[in-house]
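Source file: data31.txt (compact mmCIF, C-alpha atoms and all ligand atoms)
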# COMPACT_ATOMS: atom_id res chain seq x y z
CA MET A 1 -16.29 19.66 13.83
CA ALA A 2 -18.71 17.26 15.50
CA ILE A 3 -21.21 15.09 13.65
CA TYR A 4 -24.82 14.94 14.80
CA VAL A 5 -27.64 12.44 14.39
CA ASN A 6 -30.79 14.50 14.90
CA LYS A 7 -34.07 13.32 16.40
CA ASN A 8 -35.58 13.17 12.90
CA ASN A 9 -32.62 10.89 11.94
CA GLY A 10 -31.04 13.64 9.86
CA PHE A 11 -27.27 13.32 9.69
CA GLU A 12 -25.41 16.57 10.18
CA GLN A 13 -21.77 17.30 9.56
CA GLY A 14 -19.62 20.16 8.32
CA GLU A 15 -17.53 19.81 5.19
CA PRO A 16 -17.53 16.12 4.05
CA PRO A 17 -14.22 14.48 5.02
CA THR A 18 -11.83 13.38 2.27
CA ARG A 19 -9.84 10.16 2.45
CA VAL A 20 -7.83 7.88 0.16
CA CYS A 21 -10.30 5.30 -1.15
CA PRO A 22 -9.19 1.63 -0.84
CA HIS A 23 -11.26 0.78 -3.93
CA CYS A 24 -10.21 3.40 -6.49
CA GLY A 25 -7.13 4.95 -4.84
CA THR A 26 -8.47 8.50 -5.30
CA HIS A 27 -8.28 11.08 -2.53
CA ALA A 28 -12.02 11.75 -2.59
CA GLN A 29 -14.83 13.11 -0.45
CA LEU A 30 -16.93 10.77 1.66
CA ILE A 31 -20.63 11.37 1.04
CA PRO A 32 -22.86 10.31 3.98
CA VAL A 33 -25.30 7.48 3.18
CA ALA A 34 -26.56 6.06 6.49
CA SER A 35 -26.12 6.26 10.25
CA PRO A 36 -27.80 4.39 13.14
CA SER A 37 -31.22 5.87 13.92
CA PHE A 38 -31.60 8.37 16.75
CA GLU A 39 -33.97 5.93 18.48
CA VAL A 40 -31.48 3.04 18.42
CA LEU A 41 -28.62 5.24 19.64
CA THR A 42 -30.71 6.57 22.55
CA GLN A 43 -31.94 3.10 23.52
CA THR A 44 -28.64 1.22 23.28
CA GLN A 45 -26.25 4.06 24.25
CA PRO A 46 -23.25 2.57 22.38
CA LYS A 47 -19.69 3.85 22.83
CA HIS A 48 -19.19 3.92 19.07
CA ALA A 49 -21.49 4.30 16.08
CA GLY A 50 -20.88 2.83 12.63
CA LEU A 51 -21.46 5.15 9.70
CA LEU A 52 -21.86 4.39 6.04
CA PHE A 53 -20.52 6.76 3.40
CA ARG A 54 -19.87 6.40 -0.31
CA CYS A 55 -16.78 7.41 -2.23
CA ALA A 56 -17.47 10.51 -4.34
CA ALA A 57 -15.10 9.22 -7.03
CA CYS A 58 -16.12 5.56 -7.48
CA ASN A 59 -19.38 5.28 -5.49
CA GLU A 60 -18.18 2.24 -3.52
CA PRO A 61 -19.41 2.04 0.10
CA ARG A 62 -17.03 3.23 2.83
CA PHE A 63 -17.49 2.13 6.43
CA LEU A 64 -16.34 4.35 9.29
CA ARG A 65 -16.71 4.45 13.04
CA ALA A 66 -17.05 7.43 15.39
CA ALA A 67 -17.10 7.67 19.19
CA VAL A 68 -20.46 8.70 20.67
CA ARG A 69 -19.80 11.89 22.65
CA ALA A 70 -23.17 12.85 24.06
CA ILE A 71 -26.74 11.61 23.82
CA GLY A 72 -29.19 14.49 24.19
CA ALA A 73 -32.95 14.82 23.97
CA GLU A 74 -32.77 16.40 20.50
CA ARG A 75 -29.62 14.99 18.97
CA VAL A 76 -26.71 12.58 19.42
CA GLU A 77 -23.24 14.05 19.11
CA LEU A 78 -20.46 11.96 17.53
CA ALA A 79 -16.75 12.73 17.70
CA PRO A 80 -15.38 14.30 14.51
CA ASN A 81 -12.42 11.97 14.07
CA LEU A 82 -13.75 9.14 11.95
CA VAL A 83 -11.92 5.83 12.09
CA GLU A 84 -11.82 3.85 8.87
CA VAL A 85 -12.97 0.27 9.29
CA GLU A 86 -11.50 -0.82 5.97
CA ARG A 87 -7.85 0.03 5.55
CA ALA A 88 -6.50 1.12 2.20
CA ARG A 89 -4.67 -1.74 0.49
CA GLU A 90 -1.21 -1.09 -0.82
CA ARG A 91 -1.24 -1.07 -4.61
CA PHE A 92 1.30 -2.66 -6.91
CA GLN A 93 1.47 -3.64 -10.59
CA TYR A 94 1.46 -7.35 -9.77
CA ALA A 95 1.02 -8.47 -13.39
CA TYR A 96 4.75 -7.98 -14.02
CA LEU A 97 5.84 -10.40 -11.29
CA PRO A 98 6.47 -14.17 -11.56
CA ASP A 99 3.56 -16.10 -9.96
CA THR A 100 5.36 -17.23 -6.80
CA VAL A 101 6.70 -13.74 -6.12
CA GLU A 102 3.31 -12.17 -6.86
CA GLN A 103 1.50 -14.28 -4.28
CA LEU A 104 4.08 -13.59 -1.58
CA LEU A 105 4.26 -9.86 -2.30
CA ARG A 106 0.44 -9.58 -2.14
CA GLU A 107 0.38 -11.23 1.28
CA THR A 108 3.32 -9.10 2.44
CA LEU A 109 1.53 -5.87 1.52
CA ASP A 110 -1.73 -7.18 3.04
CA CYS A 111 0.11 -7.67 6.38
CA TYR A 112 1.19 -4.04 6.18
CA SER A 113 -2.35 -2.85 5.39
CA LEU A 114 -3.65 -4.78 8.41
CA GLY A 115 -1.12 -3.06 10.66
CA ALA A 116 0.59 -6.42 11.45
CA HIS A 117 4.03 -4.85 11.21
CA ASN A 118 6.17 -7.74 12.41
CA ALA A 119 4.28 -10.25 10.29
CA PHE A 120 4.93 -7.76 7.48
CA ALA A 121 8.69 -7.72 8.25
CA THR A 122 8.83 -11.53 8.26
CA MET A 123 7.03 -11.66 4.91
CA CYS A 124 9.33 -8.95 3.49
CA ARG A 125 12.29 -11.21 4.12
CA ARG A 126 10.56 -14.31 2.76
CA THR A 127 9.43 -12.54 -0.41
CA THR A 128 12.88 -11.02 -0.99
CA ARG A 129 14.61 -14.38 -0.48
CA THR A 130 12.21 -16.16 -2.83
CA ALA A 131 12.70 -13.52 -5.51
CA LEU A 132 16.49 -13.57 -5.14
CA ARG A 133 16.64 -17.37 -5.44
CA THR A 134 15.37 -17.08 -9.00
CA LEU A 135 17.80 -14.31 -9.98
CA GLY A 136 21.23 -15.77 -9.33
CA GLY A 137 24.07 -15.01 -6.96
CA ALA A 138 24.92 -11.46 -8.02
CA ALA A 139 21.40 -10.14 -7.52
CA LYS A 140 21.52 -9.86 -3.73
CA SER A 141 24.30 -7.28 -3.48
CA ARG A 142 22.73 -5.35 -6.38
CA TRP A 143 19.36 -5.29 -4.61
CA GLN A 144 21.02 -4.28 -1.36
CA ASP A 145 22.80 -1.39 -3.10
CA THR A 146 19.50 -0.30 -4.71
CA VAL A 147 17.69 -0.16 -1.36
CA LEU A 148 20.54 1.61 0.44
CA GLU A 149 20.77 4.19 -2.34
CA VAL A 150 17.03 4.94 -2.15
CA LEU A 151 17.20 5.32 1.64
CA ARG A 152 20.26 7.55 1.34
CA VAL A 153 18.60 9.82 -1.23
CA CYS A 154 15.54 10.09 1.03
CA GLU A 155 17.79 10.94 4.00
CA VAL A 156 16.43 8.09 6.11
CA ASP A 157 18.19 7.93 9.49
CA ALA A 158 20.94 5.37 10.16
CA VAL A 159 18.94 3.23 12.63
CA THR A 160 15.96 2.85 10.27
CA THR A 161 18.31 2.18 7.35
CA SER A 162 20.06 -0.64 9.18
CA THR A 163 16.70 -2.10 10.30
CA VAL A 164 15.37 -2.10 6.72
CA ASP A 165 18.62 -3.62 5.46
CA ALA A 166 18.56 -6.33 8.17
CA VAL A 167 14.88 -7.19 7.54
CA LEU A 168 15.43 -7.65 3.81
CA PHE A 169 18.94 -9.02 3.51
CA ALA A 170 20.45 -10.35 6.78
CA ASP A 171 21.31 -14.05 6.85
CA ASP A 172 20.02 -14.75 10.39
CA ASP A 173 16.85 -16.72 11.13
CA GLU A 174 14.47 -13.95 12.13
CA PRO A 175 14.13 -10.34 11.05
CA PRO A 176 14.40 -7.74 13.85
CA THR A 177 11.30 -6.34 15.58
CA ILE A 178 10.17 -3.18 13.80
CA THR A 179 8.25 -0.06 14.83
CA PRO A 180 5.30 1.38 12.85
CA ASP A 181 7.57 4.18 11.58
CA GLU A 182 10.16 1.68 10.36
CA ALA A 183 7.38 -0.35 8.72
CA ALA A 184 6.27 2.78 6.83
CA VAL A 185 9.79 3.20 5.40
CA LEU A 186 10.15 -0.52 4.75
CA VAL A 187 6.93 -0.71 2.70
CA GLU A 188 8.07 2.10 0.41
CA ALA A 189 11.58 0.63 0.07
CA LEU A 190 10.14 -2.80 -0.74
CA LYS A 191 7.69 -1.51 -3.35
CA ASP A 192 10.41 0.59 -4.93
CA LEU A 193 12.79 -2.39 -5.07
CA PHE A 194 10.24 -4.71 -6.69
CA TYR A 195 9.08 -1.96 -9.06
CA GLN A 196 12.63 -1.27 -10.23
CA SER A 197 13.52 -4.94 -10.49
CA TYR A 198 10.46 -6.25 -12.30
CA VAL A 199 8.02 -3.59 -13.51
CA ARG A 200 10.43 -1.00 -14.88
CA THR A 201 12.66 -3.64 -16.45
CA ALA A 202 9.69 -5.30 -18.19
CA LYS A 203 8.44 -1.93 -19.48
CA LEU A 204 11.89 -1.03 -20.80
CA ARG A 205 12.21 -4.40 -22.55
CA ALA A 206 8.78 -3.95 -24.15
CA ALA A 207 9.75 -0.45 -25.32
CA MET A 208 12.95 -1.81 -26.89
CA ARG A 209 11.02 -4.60 -28.68
CA VAL A 210 8.68 -2.01 -30.20
CA ARG A 211 11.67 0.04 -31.31
CA ARG A 212 13.28 -2.98 -32.99
CA PHE A 213 10.01 -3.85 -34.70
CA PHE A 214 9.64 -0.40 -36.26
CA ALA A 215 13.31 -0.23 -37.20
CA GLY A 216 12.66 -3.23 -39.47
CA GLU A 217 14.74 -6.31 -40.16
CA ASN A 218 17.35 -4.70 -42.39
CA ALA A 219 17.81 -1.38 -40.71
CA THR A 220 20.71 -0.87 -38.38
CA VAL A 221 19.48 -0.90 -34.84
CA THR A 222 21.57 0.27 -31.94
CA SER A 223 22.72 -2.99 -30.51
CA ILE A 224 21.16 -3.97 -27.27
CA ASP A 225 23.32 -5.78 -24.85
CA ARG A 226 20.81 -8.36 -23.71
CA GLU A 227 22.89 -9.45 -20.78
CA SER A 228 23.00 -5.97 -19.39
CA TRP A 229 19.21 -5.68 -19.64
CA ARG A 230 18.94 -8.90 -17.73
CA GLU A 231 21.31 -7.43 -15.18
CA LEU A 232 18.68 -4.84 -14.35
CA ALA A 233 16.32 -7.52 -13.06
ZN ZN B 1 -13.34 5.27 -4.51
Represent the structure from my file as structure tokens, please.
Amino acid sequence: MAIYVNKNNGFEQGEPPTRVCPHCGTHAQLIPVASPSFEVLTQTQPKHAGLLFRCAACNEPRFLRAAVRAIGAERVELAPNLVEVERARERFQYAYLPDTVEQLLRETLDCYSLGAHNAFATMCRRTTRTALRTLGGAAKSRWQDTVLEVLRVCEVDAVTTSTVDAVLFADDDEPPTITPDEAAVLVEALKDLFYQSYVRTAKLRAAMRVRRFFAGENATVTSIDRESWRELA
């Protein structure tokens, strides 16, 4: 359904669109706040118009762009497909990561959010290598198994699976060129891998510490094989 800017500068649209908000992460309605005036649109005849909305959930401003379809005497018609100017950032529980890994993973996910898919692939490899350097020799094959298992469970095709595996774990100098579809799988595989390796392990360790605390010093506590917990990382 088209959007109209009327001669009196009224802003007309059907049902407000809903989008994932980059600020609060909620799938919320976009409430219109401001559009260019009818006078400016008629005078300058732009190809696109910028529109300001606010997120119904968190009230933060949301900037979108729409193609100008027709400029009439009574109203300007804008195309209904709104393009988001700000892209949603990928979210991650960074607090559980070591500092060096945190910084690299943030930049990796930012490359993905910007649509720079090959920069993203290059950073995926760098971040994975940096993380693995701190974890010892056995970690790489364990991480590789984890990723392959996730891709297998999700029935990801063989070509994408081998691309994701090569980007993250191959020993050559440069990761392969990736398509947007492969990048979409890679980002989920990467987040899952770092979640399992750092966030889940840290939460499990914290839960076990609480259990030991309440069990008290003298009570018999199921013994925890510390080495095997560490193995999870
Ligand atoms: Zn929001």
Computed interatomic separation between CA of Tyr198 in chain A and CA of Glu107 in chain A (Å): 17.6 Å
task: Find the residues with any atom within 8 Å of (10.5, -8.8, 12.5); use all atoms listed in the file and the coordinates as given in the file, and write the answer as a list in words.
output: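 Here is the list of nearby residues: His117, Asn118, Ala119, Phe120, Ala121, Thr122, Val167, Glu174, Pro175, Pro176, Thr177 and Ile178 of chain A.
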- request: Compile the contact shell of Tyr112 in chain A as a list in words: residues with an atom at most 8 Å away, counting only C-alpha atoms, same-chain residues fewer than 4 positions apart removed.
  value: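 Final neighbour list, sorted by chain and number: Glu90, Thr108, Ala116, His117, Phe120, Ala183 and Val187 of chain A.
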- prompt: Could you name the residues that touch Leu114 in chain A at 10 Å or less, counting all atoms listed in the file, but leaving out those on the same chain fewer than 6 positions away, as number ranges by chain?
  reply: A: 86-89, 120
Can you spit out the residues from that selection as a tab-separated table (two decimals), keeping the file's coordinate frame, using C-alpha atoms?
chain	number	residue	atom	x	y	z
A	86	GLU	CA	-11.50	-0.82	5.97
A	87	ARG	CA	-7.85	0.03	5.55
A	88	ALA	CA	-6.50	1.12	2.20
A	89	ARG	CA	-4.67	-1.74	0.49
A	120	PHE	CA	4.93	-7.76	7.48
Go through the chains and note each residue within 12 Å of ligand ZN 1 (chain B), using all atoms listed in the file, then give the set as a short mmCIF file (atom, residue, chain, number, x, y, z; two decimals) with C-alpha atoms, in the frame of the given file.
data_model
loop_
_atom_site.label_atom_id
_atom_site.label_comp_id
_atom_site.auth_asym_id
_atom_site.auth_seq_id
_atom_site.Cartn_x
_atom_site.Cartn_y
_atom_site.Cartn_z
CA THR A 18 -11.83 13.38 2.27
CA ARG A 19 -9.84 10.16 2.45
CA VAL A 20 -7.83 7.88 0.16
CA CYS A 21 -10.30 5.30 -1.15
CA PRO A 22 -9.19 1.63 -0.84
CA HIS A 23 -11.26 0.78 -3.93
CA CYS A 24 -10.21 3.40 -6.49
CA GLY A 25 -7.13 4.95 -4.84
CA THR A 26 -8.47 8.50 -5.30
CA HIS A 27 -8.28 11.08 -2.53
CA ALA A 28 -12.02 11.75 -2.59
CA GLN A 29 -14.83 13.11 -0.45
CA LEU A 30 -16.93 10.77 1.66
CA ILE A 31 -20.63 11.37 1.04
CA PHE A 53 -20.52 6.76 3.40
CA ARG A 54 -19.87 6.40 -0.31
CA CYS A 55 -16.78 7.41 -2.23
CA ALA A 56 -17.47 10.51 -4.34
CA ALA A 57 -15.10 9.22 -7.03
CA CYS A 58 -16.12 5.56 -7.48
CA ASN A 59 -19.38 5.28 -5.49
CA GLU A 60 -18.18 2.24 -3.52
CA PRO A 61 -19.41 2.04 0.10
CA ARG A 62 -17.03 3.23 2.83
CA ALA A 88 -6.50 1.12 2.20
#
Using only C-alpha atoms, tabulate the residues of range 113-154 of chain A lying at most 9 Å from any atom of range 93-104 of chain A, each with its closest atom pair and that distance in Å to one decimal, by chain and increasing residue number, as a Markdown table.
| residue | atom | partner | partner_atom | distance |
| --- | --- | --- | --- | --- |
| A:Met123 | CA | A:Leu104 | CA | 7.4 |
| A:Cys124 | CA | A:Leu104 | CA | 8.6 |
| A:Arg126 | CA | A:Leu104 | CA | 7.8 |
| A:Thr127 | CA | A:Leu104 | CA | 5.6 |
| A:Thr128 | CA | A:Val101 | CA | 8.5 |
| A:Thr130 | CA | A:Val101 | CA | 6.9 |
| A:Ala131 | CA | A:Val101 | CA | 6.0 |
What would the file look like if the residues just selected were written as a JSON list (two decimals), keeping the file's coordinate frame with C-alpha atoms?
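That gives us again-v1.json:
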[["chain", "number", "residue", "atom", "x", "y", "z"],
["A", 123, "MET", "CA", 7.03, -11.66, 4.91],
["A", 124, "CYS", "CA", 9.33, -8.95, 3.49],
["A", 126, "ARG", "CA", 10.56, -14.31, 2.76],
["A", 127, "THR", "CA", 9.43, -12.54, -0.41],
["A", 128, "THR", "CA", 12.88, -11.02, -0.99],
["A", 130, "THR", "CA", 12.21, -16.16, -2.83],
["A", 131, "ALA", "CA", 12.70, -13.52, -5.51]]
statement: CA of Ala49 in chain A to CA of Leu78 in chain A measures 7.9 Å
Generate a file for range 170-182 of chain A, containing all heavy atoms, as a compact mmCIF listing (two decimals), in the first residue's frame.
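Result file is selection_1.txt:
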# COMPACT_ATOMS: atom_id res chain seq x y z
N ALA A 170 40.03 -23.45 7.60
CA ALA A 170 41.07 -23.86 6.65
C ALA A 170 42.39 -23.17 7.00
O ALA A 170 42.41 -22.10 7.62
CB ALA A 170 40.65 -23.53 5.23
N ASP A 171 43.50 -23.81 6.61
CA ASP A 171 44.82 -23.29 6.97
C ASP A 171 45.41 -22.38 5.89
O ASP A 171 46.52 -21.88 6.04
CB ASP A 171 45.79 -24.45 7.21
CG ASP A 171 45.41 -25.20 8.48
OD1 ASP A 171 45.03 -24.53 9.46
OD2 ASP A 171 45.46 -26.45 8.47
N ASP A 172 44.68 -22.16 4.78
CA ASP A 172 45.24 -21.31 3.71
C ASP A 172 45.22 -19.84 4.13
O ASP A 172 44.75 -19.48 5.21
CB ASP A 172 44.47 -21.53 2.39
CG ASP A 172 42.97 -21.35 2.57
OD1 ASP A 172 42.54 -21.03 3.70
OD2 ASP A 172 42.23 -21.53 1.60
N ASP A 173 45.75 -18.98 3.23
CA ASP A 173 45.92 -17.56 3.59
C ASP A 173 44.62 -16.76 3.60
O ASP A 173 44.43 -15.88 4.42
CB ASP A 173 46.90 -16.89 2.63
CG ASP A 173 48.30 -17.44 2.82
OD1 ASP A 173 48.55 -18.00 3.91
OD2 ASP A 173 49.11 -17.34 1.89
N GLU A 174 43.74 -17.07 2.65
CA GLU A 174 42.53 -16.24 2.51
C GLU A 174 41.28 -17.11 2.53
O GLU A 174 41.25 -18.14 1.85
CB GLU A 174 42.54 -15.54 1.15
CG GLU A 174 43.34 -14.27 1.14
CD GLU A 174 43.32 -13.64 -0.26
OE1 GLU A 174 42.35 -13.89 -1.02
OE2 GLU A 174 44.26 -12.92 -0.57
N PRO A 175 40.25 -16.66 3.22
CA PRO A 175 39.00 -17.41 3.15
C PRO A 175 38.37 -17.29 1.76
O PRO A 175 38.64 -16.32 1.05
CB PRO A 175 38.11 -16.74 4.21
CG PRO A 175 38.75 -15.45 4.54
CD PRO A 175 40.18 -15.51 4.12
N PRO A 176 37.54 -18.26 1.35
CA PRO A 176 36.91 -18.18 0.03
C PRO A 176 35.92 -17.02 -0.05
O PRO A 176 35.44 -16.53 0.98
CB PRO A 176 36.17 -19.53 -0.07
CG PRO A 176 35.97 -19.98 1.32
CD PRO A 176 37.13 -19.45 2.11
N THR A 177 35.61 -16.61 -1.27
CA THR A 177 34.58 -15.58 -1.50
C THR A 177 33.22 -16.18 -1.14
O THR A 177 32.95 -17.33 -1.47
CB THR A 177 34.58 -15.19 -2.99
OG1 THR A 177 35.89 -14.75 -3.31
CG2 THR A 177 33.59 -14.08 -3.27
N ILE A 178 32.39 -15.41 -0.45
CA ILE A 178 31.11 -15.97 -0.03
C ILE A 178 29.93 -15.16 -0.57
O ILE A 178 30.05 -13.97 -0.84
CB ILE A 178 30.99 -16.10 1.51
CG1 ILE A 178 31.02 -14.73 2.20
CG2 ILE A 178 32.08 -17.00 2.07
CD1 ILE A 178 30.60 -14.80 3.64
N THR A 179 28.80 -15.84 -0.74
CA THR A 179 27.57 -15.18 -1.22
C THR A 179 26.78 -14.67 -0.01
O THR A 179 27.04 -15.11 1.13
CB THR A 179 26.68 -16.21 -1.96
OG1 THR A 179 26.27 -17.20 -1.01
CG2 THR A 179 27.43 -16.88 -3.10
N PRO A 180 25.81 -13.77 -0.24
CA PRO A 180 24.98 -13.31 0.88
C PRO A 180 24.28 -14.45 1.61
O PRO A 180 24.17 -14.43 2.84
CB PRO A 180 23.97 -12.38 0.20
CG PRO A 180 24.67 -11.89 -1.02
CD PRO A 180 25.52 -13.03 -1.49
N ASP A 181 23.83 -15.47 0.87
CA ASP A 181 23.16 -16.61 1.52
C ASP A 181 24.13 -17.38 2.41
O ASP A 181 23.77 -17.81 3.52
CB ASP A 181 22.57 -17.57 0.47
CG ASP A 181 21.31 -16.98 -0.17
OD1 ASP A 181 20.82 -15.96 0.33
OD2 ASP A 181 20.86 -17.55 -1.19
N GLU A 182 25.36 -17.56 1.93
CA GLU A 182 26.35 -18.26 2.75
C GLU A 182 26.70 -17.42 3.98
O GLU A 182 26.90 -17.96 5.07
CB GLU A 182 27.61 -18.55 1.91
CG GLU A 182 27.38 -19.64 0.88
CD GLU A 182 28.50 -19.76 -0.14
OE1 GLU A 182 29.25 -18.78 -0.35
OE2 GLU A 182 28.62 -20.84 -0.73
